[in-house]
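Shown next: model_27.pdb, containing PDB, C-alpha atoms and all ligand atoms.
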ATOM      1  CA  MET A   6    -138.917-109.807  67.855
ATOM      2  CA  GLN A   7    -142.615-110.368  68.575
ATOM      3  CA  LYS A   8    -144.154-109.657  71.971
ATOM      4  CA  TYR A   9    -144.289-113.280  73.136
ATOM      5  CA  ASP A  10    -141.176-114.689  71.414
ATOM      6  CA  ILE A  11    -139.104-114.864  74.606
ATOM      7  CA  THR A  12    -142.074-116.190  76.572
ATOM      8  CA  LEU A  13    -142.375-119.028  74.081
ATOM      9  CA  LEU A  14    -138.637-119.752  74.204
ATOM     10  CA  LEU A  15    -138.868-119.862  77.983
ATOM     11  CA  ILE A  16    -141.838-122.236  77.868
ATOM     12  CA  LYS A  17    -140.007-124.527  75.445
ATOM     13  CA  LYS A  18    -137.059-124.590  77.846
ATOM     14  CA  ILE A  19    -138.957-125.404  81.044
ATOM     15  CA  PHE A  20    -142.053-127.203  79.686
ATOM     16  CA  ASP A  21    -141.164-130.611  81.185
ATOM     17  CA  GLY A  22    -141.707-129.557  84.802
ATOM     18  CA  ASN A  23    -138.058-130.158  85.801
ATOM     19  CA  LEU A  24    -136.050-127.725  87.895
ATOM     20  CA  TYR A  25    -134.082-125.074  85.995
ATOM     21  CA  SER A  26    -131.541-122.712  87.465
ATOM     22  CA  TYR A  27    -131.556-119.038  86.516
ATOM     23  CA  LYS A  28    -128.160-119.677  84.960
ATOM     24  CA  GLU A  29    -129.699-122.129  82.485
ATOM     25  CA  ILE A  30    -132.501-119.692  81.740
ATOM     26  CA  TYR A  31    -130.081-116.836  81.156
ATOM     27  CA  LYS A  32    -129.008-118.746  78.066
ATOM     28  CA  ILE A  33    -132.368-117.992  76.467
ATOM     29  CA  ALA A  34    -132.175-115.120  74.050
ATOM     30  CA  GLY A  35    -132.899-111.801  75.651
ATOM     31  CA  ILE A  36    -132.950-112.962  79.260
ATOM     32  CA  ASP A  37    -129.761-112.010  81.040
ATOM     33  CA  ASN A  38    -130.680-110.770  84.492
ATOM     34  CA  LEU A  39    -132.927-111.383  87.463
ATOM     35  CA  TYR A  40    -135.227-108.496  86.600
ATOM     36  CA  ASP A  41    -135.875-110.042  83.163
ATOM     37  CA  ILE A  42    -136.556-113.465  84.654
ATOM     38  CA  ASN A  43    -139.117-112.052  87.078
ATOM     39  CA  TYR A  44    -140.703-110.061  84.272
ATOM     40  CA  HIS A  45    -141.086-113.187  82.120
ATOM     41  CA  ILE A  46    -142.310-115.316  85.019
ATOM     42  CA  ASN A  47    -145.040-112.729  85.490
ATOM     43  CA  ILE A  48    -145.995-113.022  81.833
ATOM     44  CA  LEU A  49    -146.211-116.795  82.281
ATOM     45  CA  LYS A  50    -148.536-116.266  85.248
ATOM     46  CA  ASN A  51    -150.671-113.848  83.260
ATOM     47  CA  ILE A  52    -151.203-116.367  80.490
ATOM     48  CA  GLY A  53    -152.240-119.038  82.960
ATOM     49  CA  ILE A  54    -149.000-120.925  83.614
ATOM     50  CA  ASN A  55    -148.033-121.548  87.210
ATOM     51  CA  VAL A  56    -144.346-121.325  87.984
ATOM     52  CA  ILE A  57    -142.811-122.360  91.271
ATOM     53  CA  LYS A  58    -139.721-120.477  92.452
ATOM     54  CA  ILE A  59    -137.321-122.427  94.586
ATOM     55  CA  PHE A  60    -135.057-120.472  96.952
ATOM     56  CA  GLY A  61    -135.126-117.609  94.487
ATOM     57  CA  SER A  62    -132.592-119.153  92.125
ATOM     58  CA  LYS A  63    -134.393-122.035  90.470
ATOM     59  CA  ILE A  64    -137.784-122.416  88.872
ATOM     60  CA  LYS A  65    -140.053-125.193  87.713
ATOM     61  CA  LEU A  66    -143.564-125.475  86.375
ATOM     62  CA  LEU A  67    -146.289-126.614  88.738
ATOM     63  CA  GLN A  68    -146.970-129.287  86.158
ATOM     64  CA  PRO A  69    -145.458-130.104  82.750
ATOM     65  CA  ILE A  70    -146.961-128.643  79.595
ATOM     66  CA  TYR A  71    -147.451-130.999  76.680
ATOM     67  CA  LEU A  72    -147.437-128.577  73.793
ATOM     68  CA  LEU A  73    -149.457-129.234  70.653
ATOM     69  CA  ASP A  74    -147.373-131.259  68.236
ATOM     70  CA  LYS A  75    -147.611-129.734  64.772
ATOM     71  CA  LYS A  76    -145.890-132.705  63.111
ATOM     72  CA  LYS A  77    -148.178-135.281  64.705
ATOM     73  CA  ILE A  78    -151.294-133.279  63.854
ATOM     74  CA  CYS A  79    -150.308-132.674  60.229
ATOM     75  CA  LYS A  80    -149.475-136.349  59.773
ATOM     76  CA  TYR A  81    -153.095-137.278  60.475
ATOM     77  CA  LEU A  82    -154.823-134.226  59.039
ATOM     78  CA  LYS A  83    -153.494-134.240  55.523
ATOM     79  CA  ASN A  84    -154.715-131.683  52.979
ATOM     80  CA  VAL A  85    -155.824-129.337  55.740
ATOM     81  CA  LYS A  86    -154.262-125.937  56.168
ATOM     82  CA  ILE A  87    -153.628-125.319  59.850
ATOM     83  CA  PHE A  88    -152.329-122.076  61.290
ATOM     84  CA  PHE A  89    -150.566-122.862  64.579
ATOM     85  CA  VAL A  90    -150.353-119.616  66.525
ATOM     86  CA  PRO A  91    -149.262-120.346  70.107
ATOM     87  CA  ILE A  92    -150.454-117.015  71.544
ATOM     88  CA  ILE A  93    -153.228-115.151  69.828
ATOM     89  CA  ASP A  94    -156.064-112.722  70.564
ATOM     90  CA  SER A  95    -158.776-115.129  69.365
ATOM     91  CA  THR A  96    -158.647-117.925  66.799
ATOM     92  CA  ASN A  97    -161.994-116.731  65.384
ATOM     93  CA  GLU A  98    -160.605-113.208  64.917
ATOM     94  CA  PHE A  99    -157.437-114.571  63.295
ATOM     95  CA  LEU A 100    -159.419-116.349  60.584
ATOM     96  CA  LYS A 101    -161.840-113.446  60.216
ATOM     97  CA  LYS A 102    -158.976-111.092  59.365
ATOM     98  CA  ARG A 103    -157.780-113.475  56.647
ATOM     99  CA  ILE A 104    -161.190-114.428  55.321
ATOM    100  CA  ASN A 105    -160.473-113.455  51.709
ATOM    101  CA  PHE A 106    -157.488-115.771  51.538
ATOM    102  CA  LEU A 107    -159.008-118.842  53.170
ATOM    103  CA  ASN A 108    -160.170-122.115  51.694
ATOM    104  CA  LEU A 109    -162.933-124.364  52.941
ATOM    105  CA  GLY A 110    -161.803-126.149  56.107
ATOM    106  CA  ASP A 111    -158.801-123.952  56.962
ATOM    107  CA  ILE A 112    -158.096-124.019  60.677
ATOM    108  CA  CYS A 113    -156.398-121.907  63.296
ATOM    109  CA  ILE A 114    -155.370-123.436  66.619
ATOM    110  CA  SER A 115    -153.730-121.812  69.602
ATOM    111  CA  GLU A 116    -152.294-122.587  73.030
ATOM    112  CA  HIS A 117    -153.563-119.368  74.585
ATOM    113  CA  GLN A 118    -156.061-116.665  73.642
ATOM    114  CA  THR A 119    -155.680-113.215  75.131
ATOM    115  CA  LYS A 120    -159.206-112.259  74.032
ATOM    116  CA  GLY A 121    -160.993-115.580  73.747
ATOM    117  CA  ARG A 122    -164.668-114.950  73.046
ATOM    118  CA  GLY A 123    -167.626-116.911  74.333
ATOM    119  CA  ARG A 124    -171.274-116.620  73.334
ATOM    120  CA  ASN A 125    -173.394-113.652  74.336
ATOM    121  CA  GLY A 126    -170.406-111.331  74.701
ATOM    122  CA  LYS A 127    -168.800-113.437  77.415
ATOM    123  CA  ARG A 128    -165.092-114.083  77.698
ATOM    124  CA  TRP A 129    -163.699-117.555  77.022
ATOM    125  CA  TYR A 130    -160.986-118.139  79.560
ATOM    126  CA  SER A 131    -158.000-119.612  77.703
ATOM    127  CA  PRO A 132    -155.032-120.551  79.929
ATOM    128  CA  PHE A 133    -151.886-121.598  78.070
ATOM    129  CA  GLY A 134    -151.270-125.156  76.958
ATOM    130  CA  CYS A 135    -153.983-126.976  78.801
ATOM    131  CA  ASN A 136    -157.147-126.905  76.670
ATOM    132  CA  LEU A 137    -158.091-126.768  72.999
ATOM    133  CA  TYR A 138    -158.943-123.480  71.288
ATOM    134  CA  PHE A 139    -159.479-123.663  67.553
ATOM    135  CA  SER A 140    -161.558-122.281  64.703
ATOM    136  CA  MET A 141    -162.449-123.520  61.260
ATOM    137  CA  TYR A 142    -163.539-121.615  58.180
ATOM    138  CA  TRP A 143    -166.482-123.138  56.348
ATOM    139  CA  TYR A 144    -169.082-122.151  53.807
ATOM    140  CA  LEU A 145    -172.387-123.741  52.975
ATOM    141  CA  LYS A 146    -174.259-123.427  49.742
ATOM    142  CA  ASN A 147    -178.004-124.035  49.480
ATOM    143  CA  PHE A 148    -179.118-122.936  52.888
ATOM    144  CA  GLN A 149    -182.842-123.281  52.140
ATOM    145  CA  ASN A 150    -184.733-125.010  54.976
ATOM    146  CA  LYS A 151    -181.679-124.836  57.200
ATOM    147  CA  SER A 152    -180.680-122.489  59.980
ATOM    148  CA  ILE A 153    -177.536-121.453  61.794
ATOM    149  CA  ILE A 154    -179.087-122.718  65.027
ATOM    150  CA  GLY A 155    -179.584-126.106  63.317
ATOM    151  CA  LEU A 156    -175.988-126.053  62.151
ATOM    152  CA  SER A 157    -174.723-125.280  65.636
ATOM    153  CA  LEU A 158    -176.764-128.188  67.007
ATOM    154  CA  ALA A 159    -175.226-130.525  64.418
ATOM    155  CA  ILE A 160    -171.749-129.354  65.438
ATOM    156  CA  ALA A 161    -172.587-129.891  69.103
ATOM    157  CA  VAL A 162    -173.734-133.443  68.308
ATOM    158  CA  SER A 163    -170.469-134.119  66.475
ATOM    159  CA  ILE A 164    -168.435-132.941  69.501
ATOM    160  CA  ALA A 165    -170.608-134.867  71.973
ATOM    161  CA  GLU A 166    -170.211-138.022  69.855
ATOM    162  CA  SER A 167    -166.438-137.584  69.710
ATOM    163  CA  LEU A 168    -166.258-137.246  73.493
ATOM    164  CA  LYS A 169    -168.554-140.220  73.972
ATOM    165  CA  TYR A 170    -166.328-142.240  71.626
ATOM    166  CA  LEU A 171    -163.390-141.411  73.909
ATOM    167  CA  GLY A 172    -165.260-142.837  76.862
ATOM    168  CA  VAL A 173    -166.805-139.720  78.385
ATOM    169  CA  LYS A 174    -170.049-140.986  79.823
ATOM    170  CA  LYS A 175    -173.088-138.816  80.502
ATOM    171  CA  ILE A 176    -172.106-136.102  78.073
ATOM    172  CA  LYS A 177    -175.003-133.657  77.542
ATOM    173  CA  ILE A 178    -175.919-130.845  75.179
ATOM    174  CA  LYS A 179    -177.749-127.812  76.522
ATOM    175  CA  TRP A 180    -179.675-126.089  73.740
ATOM    176  CA  PRO A 181    -178.410-124.742  71.478
ATOM    177  CA  ASN A 182    -174.823-125.953  71.636
ATOM    178  CA  ASP A 183    -173.249-126.001  75.088
ATOM    179  CA  ILE A 184    -171.595-129.286  75.949
ATOM    180  CA  TYR A 185    -171.959-130.331  79.574
ATOM    181  CA  LEU A 186    -170.731-133.036  81.868
ATOM    182  CA  TYR A 187    -172.160-133.481  85.357
ATOM    183  CA  ASN A 188    -173.941-130.124  85.042
ATOM    184  CA  LYS A 189    -170.696-128.289  84.279
ATOM    185  CA  LYS A 190    -169.573-126.946  80.931
ATOM    186  CA  ILE A 191    -166.856-128.926  79.167
ATOM    187  CA  ALA A 192    -166.972-127.353  75.683
ATOM    188  CA  GLY A 193    -168.442-124.385  73.851
ATOM    189  CA  ILE A 194    -169.094-123.403  70.247
ATOM    190  CA  LEU A 195    -169.101-119.904  68.813
ATOM    191  CA  ILE A 196    -170.241-119.407  65.223
ATOM    192  CA  ASP A 197    -169.446-116.113  63.526
ATOM    193  CA  ILE A 198    -171.407-115.484  60.349
ATOM    194  CA  ILE A 199    -169.195-113.674  57.888
ATOM    195  CA  GLN A 200    -171.459-113.532  54.862
ATOM    196  CA  SER A 201    -175.035-114.589  54.670
ATOM    197  CA  ASN A 202    -177.503-114.995  51.860
ATOM    198  CA  ILE A 203    -179.815-117.790  50.833
ATOM    199  CA  ASN A 204    -177.230-119.332  48.465
ATOM    200  CA  LEU A 205    -174.110-118.959  50.530
ATOM    201  CA  LYS A 206    -173.231-118.761  54.187
ATOM    202  CA  LYS A 207    -169.611-118.102  55.106
ATOM    203  CA  ILE A 208    -168.896-118.890  58.719
ATOM    204  CA  ILE A 209    -166.162-119.306  61.268
ATOM    205  CA  ILE A 210    -166.741-122.052  63.773
ATOM    206  CA  GLY A 211    -164.858-121.548  67.026
ATOM    207  CA  ILE A 212    -164.573-124.413  69.470
ATOM    208  CA  GLY A 213    -163.162-124.491  72.976
ATOM    209  CA  ILE A 214    -162.715-127.794  74.804
ATOM    210  CA  ASN A 215    -161.694-127.934  78.442
ATOM    211  CA  PHE A 216    -158.995-130.533  78.372
ATOM    212  CA  ASP A 217    -157.161-129.855  81.603
ATOM    213  CA  MET A 218    -158.067-126.616  83.324
ATOM    214  CA  ASN A 219    -155.112-127.503  85.614
ATOM    215  CA  ASN A 220    -153.800-125.636  88.644
ATOM    216  CA  ASP A 221    -156.064-122.998  90.155
ATOM    217  CA  ASN A 222    -157.583-121.757  86.905
ATOM    218  CA  ASN A 223    -160.670-123.694  87.759
ATOM    219  CA  ILE A 224    -161.237-121.704  90.910
ATOM    220  CA  LEU A 225    -162.182-118.793  88.703
ATOM    221  CA  ASN A 226    -165.374-120.471  87.713
ATOM    222  CA  ASN A 227    -166.538-123.706  89.165
ATOM    223  CA  ASN A 228    -169.172-124.076  86.466
ATOM    224  CA  PHE A 229    -166.506-125.621  84.252
ATOM    225  CA  ILE A 230    -165.163-129.142  84.110
ATOM    226  CA  SER A 231    -162.314-130.654  82.106
ATOM    227  CA  LEU A 232    -161.685-134.006  80.450
ATOM    228  CA  LYS A 233    -158.908-134.652  82.943
ATOM    229  CA  GLU A 234    -161.331-134.233  85.839
ATOM    230  CA  ALA A 235    -163.573-136.729  84.063
ATOM    231  CA  LYS A 236    -160.562-139.104  84.148
ATOM    232  CA  ILE A 237    -160.212-139.134  80.365
ATOM    233  CA  ASN A 238    -156.560-139.400  79.508
ATOM    234  CA  ILE A 239    -156.035-138.797  75.847
ATOM    235  CA  ASP A 240    -153.296-137.055  73.938
ATOM    236  CA  ARG A 241    -154.475-133.483  73.236
ATOM    237  CA  ASN A 242    -153.223-133.778  69.634
ATOM    238  CA  PHE A 243    -155.326-136.857  68.984
ATOM    239  CA  LEU A 244    -158.389-135.255  70.554
ATOM    240  CA  PHE A 245    -157.995-132.349  68.143
ATOM    241  CA  ILE A 246    -157.499-134.681  65.151
ATOM    242  CA  LEU A 247    -160.608-136.680  66.070
ATOM    243  CA  LEU A 248    -162.720-133.551  66.575
ATOM    244  CA  ILE A 249    -161.683-132.107  63.211
ATOM    245  CA  LYS A 250    -162.341-135.352  61.333
ATOM    246  CA  ASN A 251    -165.793-135.724  62.877
ATOM    247  CA  LEU A 252    -166.599-132.046  62.465
ATOM    248  CA  LYS A 253    -165.906-132.190  58.743
ATOM    249  CA  ILE A 254    -168.070-135.274  58.320
ATOM    250  CA  ALA A 255    -170.878-133.522  60.224
ATOM    251  CA  LEU A 256    -170.638-130.327  58.160
ATOM    252  CA  LEU A 257    -170.748-132.200  54.862
ATOM    253  CA  LYS A 258    -173.732-134.234  56.085
ATOM    254  CA  PHE A 259    -175.527-131.107  57.303
ATOM    255  CA  GLU A 260    -175.035-129.424  53.946
ATOM    256  CA  ILE A 261    -176.741-132.305  52.114
ATOM    257  CA  GLU A 262    -179.360-133.476  54.603
ATOM    258  CA  GLY A 263    -179.796-130.577  57.018
ATOM    259  CA  LEU A 264    -180.446-131.211  60.707
ATOM    260  CA  LYS A 265    -182.624-134.303  60.214
ATOM    261  CA  PRO A 266    -179.909-136.979  60.688
ATOM    262  CA  PHE A 267    -178.712-135.255  63.883
ATOM    263  CA  ILE A 268    -182.036-134.839  65.679
ATOM    264  CA  LYS A 269    -182.242-138.284  67.277
ATOM    265  CA  LYS A 270    -178.699-138.001  68.636
ATOM    266  CA  PHE A 271    -179.335-134.434  69.803
ATOM    267  CA  LEU A 272    -182.344-135.569  71.798
ATOM    268  CA  GLU A 273    -180.323-138.434  73.295
ATOM    269  CA  PHE A 274    -177.706-135.983  74.541
ATOM    270  CA  ASN A 275    -180.221-133.289  75.365
ATOM    271  CA  MET A 276    -180.361-131.654  78.796
ATOM    272  CA  TYR A 277    -183.640-130.764  80.545
ATOM    273  CA  LEU A 278    -185.914-132.472  78.016
ATOM    274  CA  ASN A 279    -189.521-132.317  79.275
ATOM    275  CA  GLU A 280    -188.427-130.409  82.369
ATOM    276  CA  PRO A 281    -189.525-126.962  83.538
ATOM    277  CA  ILE A 282    -187.074-124.291  82.373
ATOM    278  CA  ASN A 283    -186.524-120.561  82.133
ATOM    279  CA  LEU A 284    -185.530-118.992  78.834
ATOM    280  CA  ILE A 285    -183.322-116.004  79.512
ATOM    281  CA  SER A 286    -182.839-113.254  76.968
ATOM    282  CA  HIS A 287    -179.332-111.777  76.970
ATOM    283  CA  TYR A 288    -180.711-108.534  75.527
ATOM    284  CA  ASN A 289    -182.796-107.605  78.536
ATOM    285  CA  ASP A 290    -182.481-110.456  81.078
ATOM    286  CA  LYS A 291    -186.189-111.217  80.582
ATOM    287  CA  LYS A 292    -187.237-114.686  81.735
ATOM    288  CA  ILE A 293    -189.874-116.874  80.137
ATOM    289  CA  CYS A 294    -190.962-119.953  81.988
ATOM    290  CA  GLY A 295    -192.320-123.205  80.498
ATOM    291  CA  ILE A 296    -191.673-126.886  79.836
ATOM    292  CA  TYR A 297    -188.822-127.659  77.429
ATOM    293  CA  ARG A 298    -190.144-129.936  74.679
ATOM    294  CA  GLY A 299    -187.002-130.418  72.565
ATOM    295  CA  ILE A 300    -186.522-129.037  69.069
ATOM    296  CA  ASN A 301    -188.208-128.864  65.679
ATOM    297  CA  LEU A 302    -186.685-129.849  62.325
ATOM    298  CA  LYS A 303    -184.839-126.541  62.088
ATOM    299  CA  GLY A 304    -183.358-126.835  65.567
ATOM    300  CA  ASP A 305    -185.598-124.186  67.138
ATOM    301  CA  LEU A 306    -186.310-124.714  70.823
ATOM    302  CA  LEU A 307    -189.856-125.797  71.680
ATOM    303  CA  LEU A 308    -191.373-124.326  74.820
ATOM    304  CA  GLN A 309    -194.715-125.372  76.220
ATOM    305  CA  GLN A 310    -196.725-122.866  78.237
ATOM    306  CA  ASN A 311    -200.131-124.148  79.331
ATOM    307  CA  ASN A 312    -201.125-126.164  76.287
ATOM    308  CA  ILE A 313    -199.433-124.044  73.685
ATOM    309  CA  ILE A 314    -196.035-124.866  72.209
ATOM    310  CA  THR A 315    -193.983-122.015  70.752
ATOM    311  CA  SER A 316    -190.658-122.215  68.889
ATOM    312  CA  TRP A 317    -187.618-120.076  69.717
ATOM    313  CA  ASN A 318    -184.594-119.580  67.517
ATOM    314  CA  ASP A 319    -182.796-116.585  68.938
ATOM    315  CA  SER A 320    -179.175-117.489  69.673
ATOM    316  CA  ASN A 321    -179.175-114.759  72.312
ATOM    317  CA  ILE A 322    -181.323-116.781  74.629
ATOM    318  CA  SER A 323    -180.123-119.358  77.103
ATOM    319  CA  LEU A 324    -181.922-122.091  78.838
ATOM    320  CA  LEU A 325    -181.852-122.575  82.603
ATOM    321  CA  ASN A 326    -183.580-125.281  84.532
ATOM    322  CA  LEU A 327    -185.814-124.363  87.462
TER     323      LEU A 327
HETATM  324  C1  LIG B 401    -169.371-120.456  74.421
HETATM  325  O1  LIG B 401    -169.527-119.405  75.044
HETATM  326  O2  LIG B 401    -169.878-121.512  74.793
HETATM  327  C2  LIG B 401    -168.545-120.479  73.162
HETATM  328  C3  LIG B 401    -167.080-120.601  73.456
HETATM  329  C4  LIG B 401    -166.223-120.665  72.224
HETATM  330  C5  LIG B 401    -164.751-120.584  72.566
HETATM  331  C6  LIG B 401    -163.902-120.796  71.356
HETATM  332  S1  LIG B 401    -162.203-121.047  71.777
HETATM  333  C7  LIG B 401    -161.759-120.914  70.110
HETATM  334  C8  LIG B 401    -162.620-119.841  69.481
HETATM  335  N1  LIG B 401    -162.021-118.551  69.615
HETATM  336  C9  LIG B 401    -162.705-117.745  70.420
HETATM  337  O3  LIG B 401    -162.391-116.578  70.706
HETATM  338  N2  LIG B 401    -163.803-118.375  70.863
HETATM  339  C10 LIG B 401    -163.898-119.704  70.315
END
Structure re-expressed in C-alpha cells:
Amino acid sequence: MQKYDITLLLIKKIFDGNLYSYKEIYKIAGIDNLYDINYHINILKNIGINVIKIFGSKIKLLQPIYLLDKKKICKYLKNVKIFFVPIIDSTNEFLKKRINFLNLGDICISEHQTKGRGRNGKRWYSPFGCNLYFSMYWYLKNFQNKSIIGLSLAIAVSIAESLKYLGVKKIKIKWPNDIYLYNKKIAGILIDIIQSNINLKKIIIGIGINFDMNNDNNILNNNFISLKEAKINIDRNFLFILLIKNLKIALLKFEIEGLKPFIKKFLEFNMYLNEPINLISHYNDKKICGIYRGINLKGDLLLQQNNIITSWNDSNISLLNL
C-alpha cells in the first residue's frame, strides 16, 4: 500500500462535506481505531484539508471537495496522455523523471504537491483539491530568434486570455509571466529546460492556478488571490480543459511565428507599463531602478534610465513597482 492510499480513500468517503461517524469511517481499509482516525485527520490537515470534529465521534469537511474528474477531462482532451496523480512531490519533477518516455504534450496533473516549486527557488503552496497544479512536456524545434523568456510570455498571454474568456476582468501579467488580479497573484508558470540547443529545446511547463485557496490557507500569504474570490464560478475540470487547449494553440503558434503575435496582447495585459520600477536580482538582491518600457521582440524587459533604454532577459530578476 502506498503512503497516501488510505488518505485518498478517506477523502473519497467524506469529500461531500456531510457528517460521517467514526463507525462509518472504520469501514475504510486500514482504519479501525480512534488512534488511526486521528492520525489520518492529521494527514488531511497537513495536506491542506480542514476537517471539523463534532463531539469527538463524527467528522465533516469544512467545505466539500470537488475532485478532478478524470472521465470528464479525458472526454474533452482526446489524444492527450494525462497522468492523474492525486498526491505528488511536484508535477514538474514527475514528468522530468519520465522524460525519455514522454511524447509531445503529455501532461501530469495533481490535487496536491508536497514539494510544489515556484520560480526563483520559492515554494508553490499546493493545498489539496482546491487549485490546479499541472505540467506539460513540450519540445520546440528551430529556436533561432526565439527565447525561453519569449516563450514564457506567450504562455502567460494564453493563460490570461483563458481567464479573460471566463469573465475575469482586469487580469494582468507582470513580466515575465506572473498572472495577477487586483495586485495579487492568481497564477504562476515555471519552465524547466531539460535539453537545450539551437535546433531543439525540450521543456516542462508547470502551471499553478489559484482556483479556490479555501479555508485559512490564504492567511499564509495574502499576496495571493483565487478565482473564487474573484467570483468566477467554473468547474475546475473545464478550466483545466480550456487552459490545455489554449496552451497547445499558443505553443504551436509560438513555434512558427515566435513572440510577435503575442506582443500586442502582452502589452494589453501588462502591469506597470511606463511606470517607475525596481528590478530585483534573486542572485544578490541588487536593485536597479528605472522606467519600465515594455518588451522587445524577444520578450526581454526594456528599462529606461535617464535617456538610455537597456534590455534585460534574466529570468532570475523580478519587477517591483515603486
Ligand atoms: C511561480 O513561482 O510563479 C511559478 C509557480 C509554478 C507552480 C506550478 S504548480 C505545477 C508545477 N509543479 C511545480 O512544482 N510547480 C509548477
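With all atoms listed in the file as the atoms that count, the minimum distance from ligand LIG 401 (chain B) to the choices A:Gln149, A:Ser95, A:Asn228, A:Ser115 is reached by A:Ser95.
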Would you mind telling me which residue in A:Gly263, A:Gly123, A:Gly110, A:Pro281 lies nearest to ligand LIG 401 (chain B) when using only C-alpha atoms and all ligand atoms?
->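 With only C-alpha atoms and all ligand atoms as the atom set, the closest residue is A:Gly123.
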Using all atoms listed in the file, what are the residues with an atom within 7 Å of ligand LIG 401 (chain B), set out as a ChimeraX atom specification?
-> /A:95-98,118,120-125,127,129,138-140,183,192-195,211-213
Between atom CA of A:Ile160 and atom CA of A:Lys206, measure the distance and give it in Å to one decimal.
->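 Atom-to-atom, atom CA of A:Ile160 to atom CA of A:Lys206, that is 15.5 Å.
Proximity ranking of A:Lys17, A:Lys303, A:Lys175, A:Lys65 relative to A:Phe259 places A:Lys303 first, based on only C-alpha atoms.
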Give me the residues within 9 Å of A:Lys151 as number ranges by chain, counting all atoms listed in the file and dropping any in the same chain fewer than 2 places off.
-> A: 147-149, 153-156, 259-260, 263-264, 302-304
Could the residues in this selection be saved with C-alpha atoms as a CSV table (one decimal), in the coordinates of the input?
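Listed below is the output, part_14.csv:
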chain,number,residue,atom,x,y,z
A,147,ASN,CA,-178.0,-124.0,49.5
A,148,PHE,CA,-179.1,-122.9,52.9
A,149,GLN,CA,-182.8,-123.3,52.1
A,153,ILE,CA,-177.5,-121.5,61.8
A,154,ILE,CA,-179.1,-122.7,65.0
A,155,GLY,CA,-179.6,-126.1,63.3
A,156,LEU,CA,-176.0,-126.1,62.2
A,259,PHE,CA,-175.5,-131.1,57.3
A,260,GLU,CA,-175.0,-129.4,53.9
A,263,GLY,CA,-179.8,-130.6,57.0
A,264,LEU,CA,-180.4,-131.2,60.7
A,302,LEU,CA,-186.7,-129.8,62.3
A,303,LYS,CA,-184.8,-126.5,62.1
A,304,GLY,CA,-183.4,-126.8,65.6
Which value, in Å to one decimal, gives the distance between atom CA of A:Ser323 and atom CA of A:Leu284?
->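 These atoms are spaced 5.7 Å apart.
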Distance atom CA of A:Trp180-atom CA of A:Gly126, one decimal place?
->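 Atom-to-atom, atom CA of A:Trp180 to atom CA of A:Gly126, that is 17.5 Å.
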